[in-house]
Amino acid sequence: MHLGRGPGGPGDPVNPSVVMSSTFHQGGANPYGRDGNPTWEALEEVIGGLEGGEALVFASGMAAIAAELETLPVGAPVVVAGDAYSGTRRFLTDVAGRGRLRFQTVDVADTSATLAACSGPHGLLWLESPTNPLLAVADLPALIAGARERGWNVAVDNTFSTPLLQRPLDFGADVVVHSATKWLSGHSDVVLGAAVTRSEEVVAALRNRRSLHGAVAGPWEAWLTLRGVRTLAVRLDRAQANAAELARRLDAHASVTRVRYPGLENDPGHERAAAQMRGFGAMLAFEVRGGAPEAERVATATRLATAATSLGGVETLIERRGRWQGEEALPPNLLRVSVGIEDVEDLWADLDAAIRAGTASA
Ligand SMILES: *Cc1c(COP(=O)(O)O)cnc(C)c1O
């Protein structure tokens, strides 16, 4: 709430201003708007403070992910969660197809299989936990320590959890990336990304990639994210409480065949999540009776929850992830919900009615 504001003297504005300038008077630290901007720096102070490292903001989550992967030497091996963010997997498929990197997918909930895949020098283990959209929980402390023992570096996409629920740098990860488009900005009105690290070498490499690729954030987007992130704690508390209640009720619903939410005691990731997270988050997924048509009908029958992709905003979003290219391996009847901060009874009435209507013929 208070980072990124400077000490402030009498009469100074409490909030940093949005600095709309492509160039700066010579002689200062920032020569040019593709290399730095005071609004980015205010946001970097906040995100860096939350994750416990030095942050750099990027044009999008994918820009931060691409910058990190582009720092790897040609031919480097990458081991990645099989249900990691689809854009990350598409990026890896693209660069692997051109011989730039090699990659292998693993089930990150399986610690020994994941570590067994980390063999050979100069590799990168790419983790997400909980994963998107299956909500599998990886044993972050064990995987990070094991990979580093093998001489591998570890990157964690912490978009789903946010630094309020887990801080991968504290477990020894080399770099954390964020789609700040999601929980950090929190209002579905910004596309922005960030990378955070404790290594000066990594900061320098990422800063260089950011300037060379030109994948820079607009100052206005950075300012909106700065504004949004100040309420992250209260948004997440409310969304998380809603998610826990909805998960419990969905689990008992006659037309729901499976609920995935690490906060449920019967969830396979529950114990791990309880050990390494300060809360179970506000993302959940459930499978409805029937197949893809029934799930599509449920998603589009909701009136309060919006049928749309993305996550982390104040409003509840629902989608059938299997409708996307590259997501064919997912259960076709799986719906992912990004739970918002609406009244939980309103949300339940909406979901319950949509599930009944959508699965009536199944
Ligand atoms: C959305 C998302 C991304 C990509 O971020 P953009 O801001 O859309 O580029 C990366 N990882 C996860 C987990 C995401 O949900």
# chains A, B, ... in the order shown; residues from 1 in each chain; ligands from 1
>>> residues_around(residues="segment 177-180 of chain A", least_positions_apart="4", cutoff="9 Å", atoms="only C-alpha atoms", output="PyMOL selection string")
chain A and resi 57+60-62+64-65+68+155-160+162+184-186+190-197+225
>>> write_last_selection(atoms="N, CA, C and O atoms", output="mmCIF file, in the first residue's frame")
data_model
loop_
_atom_site.group_PDB
_atom_site.id
_atom_site.type_symbol
_atom_site.label_atom_id
_atom_site.label_comp_id
_atom_site.auth_asym_id
_atom_site.auth_seq_id
_atom_site.Cartn_x
_atom_site.Cartn_y
_atom_site.Cartn_z
ATOM 1 N N VAL A 57 9.139 -4.049 -14.939
ATOM 2 C CA VAL A 57 7.827 -4.204 -15.569
ATOM 3 C C VAL A 57 7.988 -4.296 -17.087
ATOM 4 O O VAL A 57 8.905 -3.716 -17.663
ATOM 5 N N SER A 60 3.650 -6.932 -21.068
ATOM 6 C CA SER A 60 2.639 -7.957 -20.762
ATOM 7 C C SER A 60 3.333 -9.083 -20.007
ATOM 8 O O SER A 60 4.580 -9.117 -19.938
ATOM 9 N N GLY A 61 2.542 -10.005 -19.496
ATOM 10 C CA GLY A 61 3.126 -11.187 -18.872
ATOM 11 C C GLY A 61 3.975 -11.950 -19.878
ATOM 12 O O GLY A 61 5.079 -12.392 -19.565
ATOM 13 N N MET A 62 3.470 -12.102 -21.104
ATOM 14 C CA MET A 62 4.219 -12.834 -22.130
ATOM 15 C C MET A 62 5.537 -12.141 -22.461
ATOM 16 O O MET A 62 6.526 -12.811 -22.772
ATOM 17 N N ALA A 64 7.410 -10.531 -20.355
ATOM 18 C CA ALA A 64 8.329 -10.892 -19.267
ATOM 19 C C ALA A 64 8.796 -12.339 -19.424
ATOM 20 O O ALA A 64 9.981 -12.653 -19.241
ATOM 21 N N ILE A 65 7.864 -13.228 -19.772
ATOM 22 C CA ILE A 65 8.186 -14.650 -19.959
ATOM 23 C C ILE A 65 9.170 -14.817 -21.125
ATOM 24 O O ILE A 65 10.185 -15.515 -21.017
ATOM 25 N N GLU A 68 12.696 -13.630 -20.218
ATOM 26 C CA GLU A 68 13.427 -14.592 -19.392
ATOM 27 C C GLU A 68 13.902 -15.773 -20.243
ATOM 28 O O GLU A 68 15.062 -16.185 -20.160
ATOM 29 N N ALA A 155 12.504 -20.792 -12.682
ATOM 30 C CA ALA A 155 11.604 -19.646 -12.832
ATOM 31 C C ALA A 155 10.218 -20.078 -12.372
ATOM 32 O O ALA A 155 9.809 -21.215 -12.616
ATOM 33 N N VAL A 156 9.519 -19.196 -11.690
ATOM 34 C CA VAL A 156 8.159 -19.511 -11.241
ATOM 35 C C VAL A 156 7.214 -18.428 -11.752
ATOM 36 O O VAL A 156 7.445 -17.240 -11.534
ATOM 37 N N ASP A 157 6.183 -18.857 -12.448
ATOM 38 C CA ASP A 157 5.105 -17.944 -12.848
ATOM 39 C C ASP A 157 4.146 -17.867 -11.661
ATOM 40 O O ASP A 157 3.437 -18.823 -11.358
ATOM 41 N N ASN A 158 4.160 -16.725 -10.967
ATOM 42 C CA ASN A 158 3.395 -16.601 -9.716
ATOM 43 C C ASN A 158 2.078 -15.845 -9.911
ATOM 44 O O ASN A 158 1.501 -15.331 -8.952
ATOM 45 N N THR A 159 1.610 -15.798 -11.164
ATOM 46 C CA THR A 159 0.393 -15.042 -11.502
ATOM 47 C C THR A 159 -0.818 -15.499 -10.690
ATOM 48 O O THR A 159 -1.581 -14.674 -10.178
ATOM 49 N N PHE A 160 -1.007 -16.837 -10.585
ATOM 50 C CA PHE A 160 -2.202 -17.366 -9.914
ATOM 51 C C PHE A 160 -2.188 -17.060 -8.421
ATOM 52 O O PHE A 160 -3.232 -16.792 -7.838
ATOM 53 N N THR A 162 -0.041 -14.879 -6.532
ATOM 54 C CA THR A 162 0.378 -13.540 -6.082
ATOM 55 C C THR A 162 1.353 -13.674 -4.904
ATOM 56 O O THR A 162 1.319 -14.669 -4.157
ATOM 57 N N LEU A 184 -2.666 -8.623 -9.857
ATOM 58 C CA LEU A 184 -1.953 -7.434 -9.376
ATOM 59 C C LEU A 184 -2.676 -6.153 -9.774
ATOM 60 O O LEU A 184 -2.887 -5.265 -8.957
ATOM 61 N N SER A 185 -3.087 -6.053 -11.049
ATOM 62 C CA SER A 185 -3.833 -4.840 -11.443
ATOM 63 C C SER A 185 -5.298 -4.987 -11.021
ATOM 64 O O SER A 185 -5.889 -4.049 -10.503
ATOM 65 N N GLY A 186 -5.880 -6.177 -11.254
ATOM 66 C CA GLY A 186 -7.116 -6.539 -10.571
ATOM 67 C C GLY A 186 -8.442 -6.028 -11.098
ATOM 68 O O GLY A 186 -9.477 -6.310 -10.504
ATOM 69 N N VAL A 190 -6.149 -3.672 -17.863
ATOM 70 C CA VAL A 190 -4.729 -3.424 -18.155
ATOM 71 C C VAL A 190 -4.093 -4.713 -18.660
ATOM 72 O O VAL A 190 -4.419 -5.785 -18.166
ATOM 73 N N VAL A 191 -3.162 -4.611 -19.611
ATOM 74 C CA VAL A 191 -2.277 -5.729 -19.958
ATOM 75 C C VAL A 191 -0.867 -5.286 -19.564
ATOM 76 O O VAL A 191 -0.384 -4.253 -20.047
ATOM 77 N N LEU A 192 -0.238 -6.041 -18.662
ATOM 78 C CA LEU A 192 1.077 -5.644 -18.144
ATOM 79 C C LEU A 192 1.764 -6.858 -17.508
ATOM 80 O O LEU A 192 1.090 -7.772 -17.036
ATOM 81 N N GLY A 193 3.083 -6.870 -17.508
ATOM 82 C CA GLY A 193 3.812 -7.989 -16.914
ATOM 83 C C GLY A 193 4.967 -7.519 -16.059
ATOM 84 O O GLY A 193 5.308 -6.330 -16.047
ATOM 85 N N ALA A 194 5.564 -8.469 -15.335
ATOM 86 C CA ALA A 194 6.723 -8.135 -14.498
ATOM 87 C C ALA A 194 7.583 -9.375 -14.313
ATOM 88 O O ALA A 194 7.091 -10.506 -14.398
ATOM 89 N N ALA A 195 8.874 -9.140 -14.089
ATOM 90 C CA ALA A 195 9.801 -10.199 -13.691
ATOM 91 C C ALA A 195 10.524 -9.695 -12.447
ATOM 92 O O ALA A 195 10.801 -8.493 -12.339
ATOM 93 N N VAL A 196 10.789 -10.608 -11.506
ATOM 94 C CA VAL A 196 11.413 -10.223 -10.239
ATOM 95 C C VAL A 196 12.526 -11.214 -9.915
ATOM 96 O O VAL A 196 12.353 -12.423 -10.089
ATOM 97 N N THR A 197 13.642 -10.711 -9.441
ATOM 98 C CA THR A 197 14.776 -11.585 -9.109
ATOM 99 C C THR A 197 15.625 -10.935 -8.021
ATOM 100 O O THR A 197 15.524 -9.727 -7.787
ATOM 101 N N THR A 225 -1.888 -0.096 -12.857
ATOM 102 C CA THR A 225 -1.504 -1.274 -12.071
ATOM 103 C C THR A 225 -1.093 -0.849 -10.657
ATOM 104 O O THR A 225 -1.434 -1.507 -9.671
#
>>> select_by_dssp(residues="segment 260-352 of chain A", states="strand (DSSP E or B)", output="list in words")
Arg260, Met283, Leu284, Ala285, Phe286, Glu287, Val288, Thr306, Ala307, Leu317, Ile318, Glu319, Arg320, Leu334, Leu335, Arg336, Val337 and Ser338 of chain A
>>> residues_around(residues="Val298 of chain A", least_positions_apart="5", cutoff="8 Å", atoms="only C-alpha atoms", output="list of chain:residue names")
A:Ala354, A:Ile355, A:Ala357, A:Gly358, A:Thr359
>>> atom_distance(atom1="atom CA of Leu124 of chain A", atom2="atom CA of Gln104 of chain A")
10.7 Å
>>> closest_residue(among="A:Pro262, A:Gly326, A:Gly87, A:Gly52", to="ligand 1", atoms="only C-alpha atoms and all ligand atoms")
A:Gly87
>>> residues_around(residues="Ala292 of chain A", least_positions_apart="3", cutoff="7 Å", atoms="only C-alpha atoms", output="PyMOL selection string")
chain A and resi 295-296+332-333
>>> residues_around(residues="Val19 of chain A", least_positions_apart="6", cutoff="7 Å", atoms="only C-alpha atoms", output="PyMOL selection string")
chain A and resi 38-39+219
>>> residues_around(residues="Gly281 of chain A", least_positions_apart="3", cutoff="10 Å", atoms="only C-alpha atoms", output="ChimeraX atom specification")
/A:130,160-162,164-165,236-237,239-244,261-263,273,277-278,284,338-339
>>> residues_around(residues="Thr111 of chain A", least_positions_apart="3", cutoff="8 Å", atoms="only C-alpha atoms", output="list in words")
Val108, Thr114, Leu115, Ala138, Asp139, Ala142 and Leu143 of chain A
>>> write_last_selection(atoms="N, CA, C and O atoms", output="mmCIF file, in the first residue's frame")
data_model
loop_
_atom_site.group_PDB
_atom_site.id
_atom_site.type_symbol
_atom_site.label_atom_id
_atom_site.label_comp_id
_atom_site.auth_asym_id
_atom_site.auth_seq_id
_atom_site.Cartn_x
_atom_site.Cartn_y
_atom_site.Cartn_z
ATOM 1 N N VAL A 108 4.168 -31.379 -12.779
ATOM 2 C CA VAL A 108 4.947 -30.775 -11.679
ATOM 3 C C VAL A 108 4.459 -31.191 -10.294
ATOM 4 O O VAL A 108 5.129 -30.942 -9.297
ATOM 5 N N THR A 114 9.677 -34.788 -12.048
ATOM 6 C CA THR A 114 10.091 -33.451 -12.492
ATOM 7 C C THR A 114 11.599 -33.285 -12.323
ATOM 8 O O THR A 114 12.293 -32.808 -13.225
ATOM 9 N N LEU A 115 12.112 -33.721 -11.162
ATOM 10 C CA LEU A 115 13.556 -33.575 -10.934
ATOM 11 C C LEU A 115 14.352 -34.504 -11.848
ATOM 12 O O LEU A 115 15.439 -34.144 -12.309
ATOM 13 N N ALA A 138 2.485 -27.920 -7.007
ATOM 14 C CA ALA A 138 3.868 -28.410 -7.066
ATOM 15 C C ALA A 138 4.513 -28.181 -5.708
ATOM 16 O O ALA A 138 4.236 -27.173 -5.056
ATOM 17 N N ASP A 139 5.389 -29.094 -5.307
ATOM 18 C CA ASP A 139 6.127 -28.906 -4.049
ATOM 19 C C ASP A 139 7.263 -27.924 -4.332
ATOM 20 O O ASP A 139 8.392 -28.308 -4.653
ATOM 21 N N ALA A 142 10.798 -28.198 -2.471
ATOM 22 C CA ALA A 142 11.567 -29.390 -2.851
ATOM 23 C C ALA A 142 12.048 -29.290 -4.299
ATOM 24 O O ALA A 142 13.199 -29.630 -4.613
ATOM 25 N N LEU A 143 11.188 -28.825 -5.195
ATOM 26 C CA LEU A 143 11.571 -28.745 -6.611
ATOM 27 C C LEU A 143 12.662 -27.703 -6.828
ATOM 28 O O LEU A 143 13.607 -27.928 -7.589
#
>>> closest_residue(among="A:Ala252, A:Leu206, A:Leu347, A:Leu135", to="Asp83 of chain A", atoms="only C-alpha atoms")
A:Leu135
>>> closest_residue(among="A:Ala29, A:Ala360, A:Ala173, A:Ala84", to="ligand 1", atoms="only C-alpha atoms and all ligand atoms")
A:Ala84
>>> closest_residue(among="A:Leu134, A:Leu212, A:Leu56, A:Val154", to="Glu327 of chain A", atoms="only C-alpha atoms")
A:Leu134
>>> select_by_dssp(residues="segment 209-347 of chain A", states="helix (DSSP H, G or I)", output="number ranges by chain")
A: 209-213, 219-229, 232-251, 270-276, 292-301, 321-323, 344-347
>>> closest_atom_pairs(of="segment 299-326 of chain A", to="segment 227-235 of chain A", cutoff="12 Å", atoms="only C-alpha atoms", output="Markdown table")
| residue | atom | partner | partner_atom | distance |
| --- | --- | --- | --- | --- |
| A:Gly312 | CA | A:Arg235 | CA | 9.3 |
| A:Gly313 | CA | A:Arg235 | CA | 8.7 |
| A:Val314 | CA | A:Arg235 | CA | 7.0 |
| A:Glu315 | CA | A:Arg235 | CA | 10.3 |
>>> atom_distance(atom1="atom CA of Asp107 of chain A", atom2="atom CA of Ala81 of chain A")
5.9 Å
>>> closest_residue(among="A:Met20, A:Ala215, A:Val14, A:Leu72", to="ligand 1", atoms="only C-alpha atoms and all ligand atoms")
A:Ala215
>>> closest_residue(among="A:Thr309, A:Thr93, A:Thr300, A:Asn153", to="His122 of chain A", atoms="only C-alpha atoms")
A:Asn153
